[in-house]
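Next comes entry_5.tsv, a file with TSV, N, CA and C atoms.
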chain	number	residue	atom	x	y	z
A	1	MET	N	-82.94	135.69	52.52
A	1	MET	CA	-84.28	135.24	52.89
A	1	MET	C	-84.56	133.90	52.20
A	2	SER	N	-85.11	132.97	52.95
A	2	SER	CA	-85.38	131.67	52.35
A	2	SER	C	-86.80	131.64	51.78
A	3	ASN	N	-87.00	130.74	50.84
A	3	ASN	CA	-88.30	130.58	50.20
A	3	ASN	C	-89.19	129.68	51.03
A	4	ASP	N	-90.49	129.87	50.88
A	4	ASP	CA	-91.48	129.01	51.50
A	4	ASP	C	-91.39	127.62	50.84
A	5	ASP	N	-91.20	126.58	51.64
A	5	ASP	CA	-91.02	125.23	51.10
A	5	ASP	C	-92.25	124.75	50.32
A	6	VAL	N	-93.44	125.08	50.79
A	6	VAL	CA	-94.66	124.63	50.12
A	6	VAL	C	-94.79	125.33	48.77
A	7	LEU	N	-94.58	126.64	48.76
A	7	LEU	CA	-94.65	127.39	47.50
A	7	LEU	C	-93.58	126.89	46.53
A	8	SER	N	-92.39	126.64	47.03
A	8	SER	CA	-91.31	126.09	46.19
A	8	SER	C	-91.72	124.74	45.59
A	9	MET	N	-92.43	123.93	46.36
A	9	MET	CA	-92.90	122.63	45.88
A	9	MET	C	-93.86	122.82	44.70
A	10	TYR	N	-94.77	123.80	44.79
A	10	TYR	CA	-95.70	124.08	43.69
A	10	TYR	C	-94.95	124.53	42.45
A	11	VAL	N	-93.94	125.39	42.64
A	11	VAL	CA	-93.16	125.89	41.50
A	11	VAL	C	-92.38	124.75	40.85
A	12	LYS	N	-91.79	123.88	41.64
A	12	LYS	CA	-91.08	122.72	41.09
A	12	LYS	C	-92.01	121.82	40.30
A	13	ALA	N	-93.24	121.63	40.81
A	13	ALA	CA	-94.23	120.81	40.08
A	13	ALA	C	-94.58	121.47	38.76
A	14	ALA	N	-94.69	122.78	38.74
A	14	ALA	CA	-94.97	123.50	37.49
A	14	ALA	C	-93.80	123.34	36.52
A	15	ASN	N	-92.59	123.52	37.03
A	15	ASN	CA	-91.40	123.46	36.16
A	15	ASN	C	-91.12	122.06	35.62
A	16	LYS	N	-91.29	121.06	36.44
A	16	LYS	CA	-90.92	119.70	36.04
A	16	LYS	C	-92.06	118.90	35.42
A	17	HIS	N	-93.32	119.26	35.76
A	17	HIS	CA	-94.45	118.44	35.33
A	17	HIS	C	-95.58	119.25	34.69
A	18	ASP	N	-95.30	120.50	34.32
A	18	ASP	CA	-96.33	121.38	33.73
A	18	ASP	C	-97.59	121.43	34.58
A	19	PHE	N	-97.42	121.44	35.88
A	19	PHE	CA	-98.53	121.51	36.83
A	19	PHE	C	-99.05	122.93	36.90
A	20	ASN	N	-100.35	123.12	36.64
A	20	ASN	CA	-100.97	124.44	36.69
A	20	ASN	C	-101.81	124.55	37.95
A	21	LEU	N	-101.65	125.64	38.67
A	21	LEU	CA	-102.35	125.86	39.93
A	21	LEU	C	-102.80	127.31	40.01
A	22	ALA	N	-104.08	127.53	40.25
A	22	ALA	CA	-104.60	128.89	40.47
A	22	ALA	C	-104.10	129.35	41.84
A	23	ILE	N	-103.43	130.52	41.87
A	23	ILE	CA	-102.80	130.97	43.11
A	23	ILE	C	-102.80	132.49	43.18
A	24	THR	N	-102.81	133.00	44.39
A	24	THR	CA	-102.68	134.44	44.63
A	24	THR	C	-101.54	134.64	45.61
A	25	LEU	N	-100.62	135.52	45.23
A	25	LEU	CA	-99.42	135.78	46.02
A	25	LEU	C	-99.50	137.17	46.65
A	26	ASN	N	-99.00	137.30	47.87
A	26	ASN	CA	-98.83	138.61	48.49
A	26	ASN	C	-97.37	138.99	48.29
A	27	VAL	N	-97.14	140.06	47.53
A	27	VAL	CA	-95.77	140.49	47.21
A	27	VAL	C	-95.64	141.96	47.58
A	28	ASN	N	-94.93	142.23	48.67
A	28	ASN	CA	-94.71	143.62	49.11
A	28	ASN	C	-96.00	144.43	49.19
A	29	GLY	N	-97.05	143.84	49.72
A	29	GLY	CA	-98.32	144.53	49.91
A	29	GLY	C	-99.28	144.45	48.74
A	30	ALA	N	-98.83	144.02	47.60
A	30	ALA	CA	-99.70	143.85	46.43
A	30	ALA	C	-100.13	142.39	46.35
A	31	LEU	N	-101.27	142.15	45.73
A	31	LEU	CA	-101.72	140.79	45.47
A	31	LEU	C	-101.53	140.50	43.99
A	32	VAL	N	-100.84	139.41	43.69
A	32	VAL	CA	-100.61	138.98	42.31
A	32	VAL	C	-101.36	137.67	42.15
A	33	THR	N	-102.30	137.63	41.22
A	33	THR	CA	-103.15	136.46	41.07
A	33	THR	C	-103.01	135.91	39.65
A	34	GLY	N	-103.02	134.59	39.52
A	34	GLY	CA	-102.88	133.96	38.21
A	34	GLY	C	-102.77	132.45	38.35
A	35	THR	N	-102.24	131.82	37.31
A	35	THR	CA	-102.09	130.37	37.28
A	35	THR	C	-100.63	130.03	37.01
A	36	THR	N	-100.08	129.14	37.81
A	36	THR	CA	-98.66	128.78	37.64
A	36	THR	C	-98.42	128.11	36.29
A	37	ILE	N	-97.27	128.43	35.71
A	37	ILE	CA	-96.79	127.76	34.51
A	37	ILE	C	-95.30	127.49	34.70
A	38	SER	N	-94.76	126.62	33.88
A	38	SER	CA	-93.34	126.30	33.97
A	38	SER	C	-92.50	127.45	33.42
A	39	ALA	N	-91.24	127.49	33.84
A	39	ALA	CA	-90.31	128.48	33.30
A	39	ALA	C	-90.19	128.30	31.79
A	40	LYS	N	-90.18	127.05	31.34
A	40	LYS	CA	-90.10	126.78	29.89
A	40	LYS	C	-91.29	127.41	29.16
A	41	SER	N	-92.49	127.20	29.65
A	41	SER	CA	-93.68	127.79	29.02
A	41	SER	C	-93.63	129.30	29.03
A	42	TYR	N	-93.19	129.87	30.15
A	42	TYR	CA	-93.08	131.32	30.25
A	42	TYR	C	-92.16	131.88	29.17
A	43	PHE	N	-90.95	131.31	29.07
A	43	PHE	CA	-89.99	131.81	28.08
A	43	PHE	C	-90.48	131.58	26.65
A	44	ASN	N	-91.12	130.44	26.39
A	44	ASN	CA	-91.66	130.18	25.05
A	44	ASN	C	-92.73	131.21	24.68
A	45	LYS	N	-93.64	131.49	25.61
A	45	LYS	CA	-94.72	132.44	25.33
A	45	LYS	C	-94.17	133.85	25.13
A	46	ILE	N	-93.21	134.25	25.93
A	46	ILE	CA	-92.59	135.57	25.75
A	46	ILE	C	-91.85	135.62	24.42
A	47	SER	N	-91.16	134.57	24.08
A	47	SER	CA	-90.42	134.49	22.82
A	47	SER	C	-91.35	134.71	21.62
A	48	GLU	N	-92.53	134.08	21.67
A	48	GLU	CA	-93.50	134.20	20.57
A	48	GLU	C	-93.92	135.64	20.32
A	49	SER	N	-93.94	136.46	21.36
A	49	SER	CA	-94.38	137.84	21.20
A	49	SER	C	-93.37	138.68	20.42
A	50	PHE	N	-92.13	138.20	20.27
A	50	PHE	CA	-91.10	138.94	19.54
A	50	PHE	C	-90.82	138.37	18.15
A	51	GLU	N	-91.39	137.21	17.82
A	51	GLU	CA	-91.03	136.49	16.60
A	51	GLU	C	-91.20	137.28	15.31
A	52	ASP	N	-92.25	138.08	15.20
A	52	ASP	CA	-92.56	138.74	13.93
A	52	ASP	C	-92.02	140.16	13.85
A	53	GLY	N	-91.10	140.51	14.72
A	53	GLY	CA	-90.57	141.87	14.75
A	53	GLY	C	-89.32	142.04	13.89
A	54	ASN	N	-88.65	143.15	14.10
A	54	ASN	CA	-87.43	143.46	13.36
A	54	ASN	C	-86.27	142.58	13.84
A	55	ASP	N	-85.06	142.86	13.37
A	55	ASP	CA	-83.90	142.03	13.71
A	55	ASP	C	-83.64	141.97	15.21
A	56	VAL	N	-83.80	143.10	15.90
A	56	VAL	CA	-83.58	143.12	17.34
A	56	VAL	C	-84.62	142.24	18.04
A	57	ALA	N	-85.88	142.38	17.65
A	57	ALA	CA	-86.94	141.56	18.23
A	57	ALA	C	-86.70	140.08	17.96
A	58	GLN	N	-86.25	139.76	16.75
A	58	GLN	CA	-85.97	138.36	16.41
A	58	GLN	C	-84.84	137.81	17.26
A	59	SER	N	-83.82	138.64	17.50
A	59	SER	CA	-82.71	138.23	18.35
A	59	SER	C	-83.19	137.96	19.78
A	60	LEU	N	-84.05	138.85	20.29
A	60	LEU	CA	-84.62	138.63	21.62
A	60	LEU	C	-85.42	137.34	21.67
A	61	SER	N	-86.19	137.09	20.63
A	61	SER	CA	-86.99	135.87	20.55
A	61	SER	C	-86.08	134.64	20.62
A	62	ASP	N	-84.99	134.67	19.87
A	62	ASP	CA	-84.05	133.55	19.86
A	62	ASP	C	-83.43	133.33	21.24
A	63	GLN	N	-83.06	134.44	21.91
A	63	GLN	CA	-82.45	134.33	23.24
A	63	GLN	C	-83.45	133.78	24.25
A	64	LEU	N	-84.70	134.21	24.16
A	64	LEU	CA	-85.73	133.71	25.07
A	64	LEU	C	-86.02	132.23	24.81
A	65	ARG	N	-86.02	131.83	23.55
A	65	ARG	CA	-86.23	130.42	23.22
A	65	ARG	C	-85.08	129.59	23.80
A	66	SER	N	-83.87	130.11	23.73
A	66	SER	CA	-82.71	129.43	24.31
A	66	SER	C	-82.86	129.32	25.84
A	67	ALA	N	-83.37	130.39	26.47
A	67	ALA	CA	-83.61	130.36	27.92
A	67	ALA	C	-84.64	129.30	28.26
A	68	SER	N	-85.63	129.13	27.39
A	68	SER	CA	-86.66	128.10	27.59
A	68	SER	C	-86.03	126.72	27.61
A	69	GLU	N	-85.13	126.47	26.66
A	69	GLU	CA	-84.48	125.16	26.58
A	69	GLU	C	-83.59	124.93	27.80
A	70	THR	N	-82.90	125.98	28.24
A	70	THR	CA	-82.05	125.88	29.42
A	70	THR	C	-82.89	125.58	30.65
A	71	ALA	N	-84.03	126.26	30.78
A	71	ALA	CA	-84.91	126.04	31.93
A	71	ALA	C	-85.41	124.60	31.96
A	72	GLU	N	-85.75	124.07	30.78
A	72	GLU	CA	-86.27	122.70	30.71
A	72	GLU	C	-85.20	121.69	31.11
A	73	LYS	N	-83.95	121.94	30.74
A	73	LYS	CA	-82.87	120.99	31.00
A	73	LYS	C	-82.27	121.14	32.40
A	74	SER	N	-82.66	122.19	33.11
A	74	SER	CA	-82.08	122.45	34.43
A	74	SER	C	-82.32	121.26	35.36
A	75	THR	N	-81.26	120.87	36.04
A	75	THR	CA	-81.36	119.78	37.00
A	75	THR	C	-81.42	120.30	38.43
A	76	SER	N	-81.39	121.61	38.56
A	76	SER	CA	-81.42	122.22	39.89
A	76	SER	C	-82.78	121.99	40.55
A	77	ASP	N	-82.75	121.60	41.80
A	77	ASP	CA	-83.99	121.42	42.55
A	77	ASP	C	-84.45	122.72	43.19
A	78	GLU	N	-83.62	123.75	43.10
A	78	GLU	CA	-83.92	125.02	43.75
A	78	GLU	C	-84.51	126.01	42.77
A	79	ALA	N	-85.79	126.31	42.92
A	79	ALA	CA	-86.45	127.29	42.06
A	79	ALA	C	-86.23	128.68	42.64
A	80	GLN	N	-85.94	129.65	41.78
A	80	GLN	CA	-85.73	131.03	42.21
A	80	GLN	C	-86.89	131.94	41.85
A	81	PHE	N	-87.64	131.57	40.80
A	81	PHE	CA	-88.71	132.42	40.28
A	81	PHE	C	-90.00	131.63	40.14
A	82	ILE	N	-91.11	132.35	40.24
A	82	ILE	CA	-92.42	131.78	39.98
A	82	ILE	C	-92.97	132.48	38.74
A	83	HIS	N	-93.63	131.72	37.88
A	83	HIS	CA	-94.18	132.25	36.63
A	83	HIS	C	-95.69	132.02	36.61
A	84	LEU	N	-96.43	133.07	36.26
A	84	LEU	CA	-97.88	132.98	36.20
A	84	LEU	C	-98.40	133.40	34.84
A	85	LYS	N	-99.46	132.75	34.40
A	85	LYS	CA	-100.19	133.19	33.21
A	85	LYS	C	-101.50	133.79	33.68
A	86	GLU	N	-102.14	134.57	32.79
A	86	GLU	CA	-103.40	135.24	33.12
A	86	GLU	C	-103.27	136.01	34.43
A	87	ALA	N	-102.13	136.68	34.59
A	87	ALA	CA	-101.81	137.38	35.84
A	87	ALA	C	-102.47	138.74	35.92
A	88	GLN	N	-102.82	139.11	37.15
A	88	GLN	CA	-103.31	140.44	37.46
A	88	GLN	C	-102.72	140.85	38.80
A	89	VAL	N	-102.46	142.16	38.94
A	89	VAL	CA	-101.88	142.70	40.17
A	89	VAL	C	-102.89	143.65	40.80
A	90	TYR	N	-103.17	143.45	42.07
A	90	TYR	CA	-104.09	144.30	42.83
A	90	TYR	C	-103.30	145.07	43.88
A	91	CYS	N	-103.46	146.38	43.89
A	91	CYS	CA	-102.86	147.24	44.91
A	91	CYS	C	-104.00	147.97	45.61
A	92	GLY	N	-104.28	147.64	46.84
A	92	GLY	CA	-105.39	148.27	47.56
A	92	GLY	C	-106.72	147.90	46.94
A	93	ASP	N	-107.65	148.84	46.95
A	93	ASP	CA	-109.00	148.60	46.44
A	93	ASP	C	-109.16	148.95	44.97
A	94	SER	N	-108.09	149.29	44.30
A	94	SER	CA	-108.17	149.71	42.90
A	94	SER	C	-108.43	148.52	41.98
A	95	ASN	N	-108.75	148.83	40.74
A	95	ASN	CA	-108.92	147.79	39.74
A	95	ASN	C	-107.58	147.11	39.49
A	96	PRO	N	-107.62	145.86	39.05
A	96	PRO	CA	-106.35	145.15	38.82
A	96	PRO	C	-105.61	145.71	37.62
A	97	THR	N	-104.31	145.50	37.63
A	97	THR	CA	-103.46	145.85	36.50
A	97	THR	C	-102.87	144.55	35.99
A	98	PRO	N	-102.95	144.22	34.75
A	98	PRO	CA	-103.80	144.84	33.73
A	98	PRO	C	-105.26	144.45	33.98
A	99	SER	N	-106.17	145.27	33.51
A	99	SER	CA	-107.58	145.00	33.75
A	99	SER	C	-108.17	144.05	32.72
A	100	LYS	N	-107.56	143.96	31.54
A	100	LYS	CA	-108.05	143.06	30.49
A	100	LYS	C	-106.86	142.40	29.81
A	101	GLY	N	-107.13	141.25	29.20
A	101	GLY	CA	-106.08	140.57	28.45
A	101	GLY	C	-105.43	139.47	29.26
A	102	LYS	N	-104.57	138.73	28.59
A	102	LYS	CA	-103.86	137.62	29.22
A	102	LYS	C	-102.39	137.99	29.31
A	103	PHE	N	-101.90	138.15	30.53
A	103	PHE	CA	-100.54	138.59	30.74
A	103	PHE	C	-99.75	137.56	31.52
A	104	LEU	N	-98.46	137.54	31.25
A	104	LEU	CA	-97.52	136.67	31.96
A	104	LEU	C	-96.83	137.49	33.04
A	105	TRP	N	-96.50	136.84	34.15
A	105	TRP	CA	-95.82	137.52	35.25
A	105	TRP	C	-94.72	136.61	35.77
A	106	ARG	N	-93.58	137.22	36.14
A	106	ARG	CA	-92.44	136.49	36.69
A	106	ARG	C	-92.01	137.22	37.95
A	107	GLY	N	-91.84	136.49	39.03
A	107	GLY	CA	-91.41	137.12	40.28
A	107	GLY	C	-90.46	136.24	41.05
A	108	LYS	N	-89.68	136.88	41.91
A	108	LYS	CA	-88.74	136.16	42.76
A	108	LYS	C	-89.48	135.47	43.90
A	109	LEU	N	-89.22	134.20	44.08
A	109	LEU	CA	-89.83	133.48	45.19
A	109	LEU	C	-89.45	134.10	46.53
A	110	SER	N	-88.25	134.64	46.62
A	110	SER	CA	-87.79	135.22	47.89
A	110	SER	C	-88.54	136.49	48.26
A	111	GLU	N	-89.28	137.07	47.32
A	111	GLU	CA	-90.04	138.30	47.58
A	111	GLU	C	-91.50	138.04	47.94
A	112	VAL	N	-91.93	136.78	47.89
A	112	VAL	CA	-93.32	136.43	48.20
A	112	VAL	C	-93.49	136.35	49.71
A	113	ASP	N	-94.43	137.16	50.24
A	113	ASP	CA	-94.66	137.20	51.68
A	113	ASP	C	-95.68	136.15	52.13
A	114	GLY	N	-96.57	135.74	51.23
A	114	GLY	CA	-97.59	134.76	51.56
A	114	GLY	C	-98.38	134.41	50.32
A	115	PHE	N	-99.27	133.43	50.42
A	115	PHE	CA	-100.07	133.03	49.27
A	115	PHE	C	-101.32	132.30	49.72
A	116	PHE	N	-102.29	132.22	48.83
A	116	PHE	CA	-103.42	131.33	49.02
A	116	PHE	C	-103.78	130.71	47.69
A	117	LEU	N	-104.38	129.54	47.74
A	117	LEU	CA	-104.77	128.84	46.52
A	117	LEU	C	-106.06	129.46	45.99
A	118	GLY	N	-106.13	129.65	44.69
A	118	GLY	CA	-107.26	130.28	44.05
A	118	GLY	C	-106.88	131.67	43.56
A	119	THR	N	-107.69	132.18	42.66
A	119	THR	CA	-107.42	133.52	42.12
A	119	THR	C	-108.52	134.48	42.55
A	120	ILE	N	-108.22	135.74	42.43
A	120	ILE	CA	-109.19	136.78	42.73
A	120	ILE	C	-109.97	137.09	41.46
A	121	ALA	N	-111.28	137.11	41.56
A	121	ALA	CA	-112.11	137.45	40.41
A	121	ALA	C	-112.85	138.73	40.74
A	122	LYS	N	-112.69	139.72	39.89
A	122	LYS	CA	-113.38	140.99	40.09
A	122	LYS	C	-114.86	140.80	39.79
A	123	ASP	N	-115.71	141.32	40.68
A	123	ASP	CA	-117.16	141.24	40.43
A	123	ASP	C	-117.50	141.97	39.16
A	124	LYS	N	-118.40	141.37	38.37
A	124	LYS	CA	-118.77	141.98	37.09
A	124	LYS	C	-120.14	142.61	37.18

Turn the structure described in the file into structure tokens.
Amino acid sequence: MSNDDVLSMYVKAANKHDFNLAITLNVNGALVTGTTISAKSYFNKISESFEDGNDVAQSLSDQLRSASETAEKSTSDEAQFIHLKEAQVYCGDSNPTPSKGKFLWRGKLSEVDGFFLGTIAKDK
């Protein structure tokens, strides 16, 4: 399955120029809403969550930091994944998952069925 060229363009802008875009994706019937971030930022933020842990957590942090550096140096024009910050997933009419907090999300571009610009905000 090929990726949507427009969505791929947004992901490339995020990866190469730290371009942030509020977006909502349709993925296998679920809506995933958040703001695009670069692969480098995604791996750095995930790495930070393991930094203060035991030896295994520290090793994971180091590997994720290395993945961040690899993502930044990548010369490939073909993006395979989209990364979102402040992500929430909506399935049907239920409350979003997670309902509170700031979460990172990573998904395959080839699994995205559609998208629209902007995020979903739950009425308060």

Could you check how far atom CA of A:Met9 sits from atom C of A:Ile23, in Å to one decimal?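 Between these atoms lies a distance of 14.2 Å.
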
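Minimum atom-to-atom distance to A:Ala87, evaluated using all atoms listed in the file, belongs to A:Thr35 out of A:Asn20, A:Thr35, A:Asn15, A:Ser110.
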
Using only N, CA and C atoms, which of A:Val6, A:Ile82, A:Val11, A:Val27 sits nearest A:Lys108?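 Ranking A:Val6, A:Ile82, A:Val11, A:Val27 by distance to A:Lys108, first place goes to A:Ile82.
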
Give me, as a list in words, all polymer residues having an atom no more than 7 Å from A:Gly118, counting all atoms listed in the file and skipping those fewer than 4 positions away in the same chain. Leu21, Ala22, Ile23, Thr24, Thr33 and Gly34 of chain A

Backbone-only DSSP, strand (DSSP E or B) members of chain A, as a ChimeraX atom specification: /A:22-27,30-37,81-90,97,105-108,112-117

Include N, CA and C atoms and write out the residues we just selected as a compact mmCIF listing (two decimals), in the coordinates of the input.
# COMPACT_ATOMS: atom_id res chain seq x y z
N ALA A 22 -104.08 127.53 40.25
CA ALA A 22 -104.60 128.89 40.47
C ALA A 22 -104.10 129.35 41.84
N ILE A 23 -103.43 130.52 41.87
CA ILE A 23 -102.80 130.97 43.11
C ILE A 23 -102.80 132.49 43.18
N THR A 24 -102.81 133.00 44.39
CA THR A 24 -102.68 134.44 44.63
C THR A 24 -101.54 134.64 45.61
N LEU A 25 -100.62 135.52 45.23
CA LEU A 25 -99.42 135.78 46.02
C LEU A 25 -99.50 137.17 46.65
N ASN A 26 -99.00 137.30 47.87
CA ASN A 26 -98.83 138.61 48.49
C ASN A 26 -97.37 138.99 48.29
N VAL A 27 -97.14 140.06 47.53
CA VAL A 27 -95.77 140.49 47.21
C VAL A 27 -95.64 141.96 47.58
N ALA A 30 -98.83 144.02 47.60
CA ALA A 30 -99.70 143.85 46.43
C ALA A 30 -100.13 142.39 46.35
N LEU A 31 -101.27 142.15 45.73
CA LEU A 31 -101.72 140.79 45.47
C LEU A 31 -101.53 140.50 43.99
N VAL A 32 -100.84 139.41 43.69
CA VAL A 32 -100.61 138.98 42.31
C VAL A 32 -101.36 137.67 42.15
N THR A 33 -102.30 137.63 41.22
CA THR A 33 -103.15 136.46 41.07
C THR A 33 -103.01 135.91 39.65
N GLY A 34 -103.02 134.59 39.52
CA GLY A 34 -102.88 133.96 38.21
C GLY A 34 -102.77 132.45 38.35
N THR A 35 -102.24 131.82 37.31
CA THR A 35 -102.09 130.37 37.28
C THR A 35 -100.63 130.03 37.01
N THR A 36 -100.08 129.14 37.81
CA THR A 36 -98.66 128.78 37.64
C THR A 36 -98.42 128.11 36.29
N ILE A 37 -97.27 128.43 35.71
CA ILE A 37 -96.79 127.76 34.51
C ILE A 37 -95.30 127.49 34.70
N PHE A 81 -87.64 131.57 40.80
CA PHE A 81 -88.71 132.42 40.28
C PHE A 81 -90.00 131.63 40.14
N ILE A 82 -91.11 132.35 40.24
CA ILE A 82 -92.42 131.78 39.98
C ILE A 82 -92.97 132.48 38.74
N HIS A 83 -93.63 131.72 37.88
CA HIS A 83 -94.18 132.25 36.63
C HIS A 83 -95.69 132.02 36.61
N LEU A 84 -96.43 133.07 36.26
CA LEU A 84 -97.88 132.98 36.20
C LEU A 84 -98.40 133.40 34.84
N LYS A 85 -99.46 132.75 34.40
CA LYS A 85 -100.19 133.19 33.21
C LYS A 85 -101.50 133.79 33.68
N GLU A 86 -102.14 134.57 32.79
CA GLU A 86 -103.40 135.24 33.12
C GLU A 86 -103.27 136.01 34.43
N ALA A 87 -102.13 136.68 34.59
CA ALA A 87 -101.81 137.38 35.84
C ALA A 87 -102.47 138.74 35.92
N GLN A 88 -102.82 139.11 37.15
CA GLN A 88 -103.31 140.44 37.46
C GLN A 88 -102.72 140.85 38.80
N VAL A 89 -102.46 142.16 38.94
CA VAL A 89 -101.88 142.70 40.17
C VAL A 89 -102.89 143.65 40.80
N TYR A 90 -103.17 143.45 42.07
CA TYR A 90 -104.09 144.30 42.83
C TYR A 90 -103.30 145.07 43.88
N THR A 97 -104.31 145.50 37.63
CA THR A 97 -103.46 145.85 36.50
C THR A 97 -102.87 144.55 35.99
N TRP A 105 -96.50 136.84 34.15
CA TRP A 105 -95.82 137.52 35.25
C TRP A 105 -94.72 136.61 35.77
N ARG A 106 -93.58 137.22 36.14
CA ARG A 106 -92.44 136.49 36.69
C ARG A 106 -92.01 137.22 37.95
N GLY A 107 -91.84 136.49 39.03
CA GLY A 107 -91.41 137.12 40.28
C GLY A 107 -90.46 136.24 41.05
N LYS A 108 -89.68 136.88 41.91
CA LYS A 108 -88.74 136.16 42.76
C LYS A 108 -89.48 135.47 43.90
N VAL A 112 -91.93 136.78 47.89
CA VAL A 112 -93.32 136.43 48.20
C VAL A 112 -93.49 136.35 49.71
N ASP A 113 -94.43 137.16 50.24
CA ASP A 113 -94.66 137.20 51.68
C ASP A 113 -95.68 136.15 52.13
N GLY A 114 -96.57 135.74 51.23
CA GLY A 114 -97.59 134.76 51.56
C GLY A 114 -98.38 134.41 50.32
N PHE A 115 -99.27 133.43 50.42
CA PHE A 115 -100.07 133.03 49.27
C PHE A 115 -101.32 132.30 49.72
N PHE A 116 -102.29 132.22 48.83
CA PHE A 116 -103.42 131.33 49.02
C PHE A 116 -103.78 130.71 47.69
N LEU A 117 -104.38 129.54 47.74
CA LEU A 117 -104.77 128.84 46.52
C LEU A 117 -106.06 129.46 45.99

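The space between atom CA of A:Glu48 and atom CA of A:Val112 spans 27.7 Å.
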
Let me make sure I understand: among A:Ala79, A:Asn44, A:Phe103, A:Asp4, which one has the smallest atom-to-atom distance to A:Asp62 if we use only C-alpha atoms?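 Closest candidate: A:Asn44.
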
For A:Gln88, the nearest of the candidates A:Ala39, A:His17, A:Val32, A:Glu51, counting all atoms listed in the file: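 Between A:Ala39, A:His17, A:Val32, A:Glu51, the residue approaching A:Gln88 most closely is A:Val32.
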
Those in chain A with helix (DSSP H, G or I) from DSSP, as an MDAnalysis selection string: chainID A and resid 5:17 39:48 55:73 109:111

For A:Asn3, which residue out of A:Ser41, A:Glu69, A:Val56, A:Glu111 is the nearest one, using only N, CA and C atoms?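 Nearest to A:Asn3: A:Glu111.
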
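Here atom CA of A:Ser61 is placed at a distance of 26.2 Å from atom N of A:Thr97.
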
Please write out, as AutoDock Vina command-line options, where the centre of an axis-aligned box around all listed atoms of stretch 18-37 of chain A lies and how long its edges are, in Å to one decimal, after adding 5 Å on each side.
--center_x -99.7 --center_y 132.5 --center_z 41.8 --size_x 19.9 --size_y 34.0 --size_z 26.2

Restricting to only C-alpha atoms, whichever of A:Asn54, A:Ser66, A:Gln80, A:Asn26 is closest to A:Lys12 is A:Gln80

Mind rebuilding stretch 14-26 of chain A with N, CA, C and O atoms and writing that out as a short mmCIF file (atom, residue, chain, number, x, y, z; two decimals), keeping the file's coordinate frame?
data_model
loop_
_atom_site.label_atom_id
_atom_site.label_comp_id
_atom_site.auth_asym_id
_atom_site.auth_seq_id
_atom_site.Cartn_x
_atom_site.Cartn_y
_atom_site.Cartn_z
N ALA A 14 -94.69 122.78 38.74
CA ALA A 14 -94.97 123.50 37.49
C ALA A 14 -93.80 123.34 36.52
O ALA A 14 -93.99 123.05 35.33
N ASN A 15 -92.59 123.52 37.03
CA ASN A 15 -91.40 123.46 36.16
C ASN A 15 -91.12 122.06 35.62
O ASN A 15 -90.75 121.91 34.46
N LYS A 16 -91.29 121.06 36.44
CA LYS A 16 -90.92 119.70 36.04
C LYS A 16 -92.06 118.90 35.42
O LYS A 16 -91.83 117.98 34.65
N HIS A 17 -93.32 119.26 35.76
CA HIS A 17 -94.45 118.44 35.33
C HIS A 17 -95.58 119.25 34.69
O HIS A 17 -96.70 118.74 34.56
N ASP A 18 -95.30 120.50 34.32
CA ASP A 18 -96.33 121.38 33.73
C ASP A 18 -97.59 121.43 34.58
O ASP A 18 -98.71 121.46 34.07
N PHE A 19 -97.42 121.44 35.88
CA PHE A 19 -98.53 121.51 36.83
C PHE A 19 -99.05 122.93 36.90
O PHE A 19 -98.29 123.87 37.14
N ASN A 20 -100.35 123.12 36.64
CA ASN A 20 -100.97 124.44 36.69
C ASN A 20 -101.81 124.55 37.95
O ASN A 20 -102.59 123.65 38.26
N LEU A 21 -101.65 125.64 38.67
CA LEU A 21 -102.35 125.86 39.93
C LEU A 21 -102.80 127.31 40.01
O LEU A 21 -101.99 128.23 39.84
N ALA A 22 -104.08 127.53 40.25
CA ALA A 22 -104.60 128.89 40.47
C ALA A 22 -104.10 129.35 41.84
O ALA A 22 -104.28 128.65 42.84
N ILE A 23 -103.43 130.52 41.87
CA ILE A 23 -102.80 130.97 43.11
C ILE A 23 -102.80 132.49 43.18
O ILE A 23 -102.81 133.17 42.15
N THR A 24 -102.81 133.00 44.39
CA THR A 24 -102.68 134.44 44.63
C THR A 24 -101.54 134.64 45.61
O THR A 24 -101.49 133.99 46.66
N LEU A 25 -100.62 135.52 45.23
CA LEU A 25 -99.42 135.78 46.02
C LEU A 25 -99.50 137.17 46.65
O LEU A 25 -99.98 138.11 46.02
N ASN A 26 -99.00 137.30 47.87
CA ASN A 26 -98.83 138.61 48.49
C ASN A 26 -97.37 138.99 48.29
O ASN A 26 -96.48 138.30 48.81
#
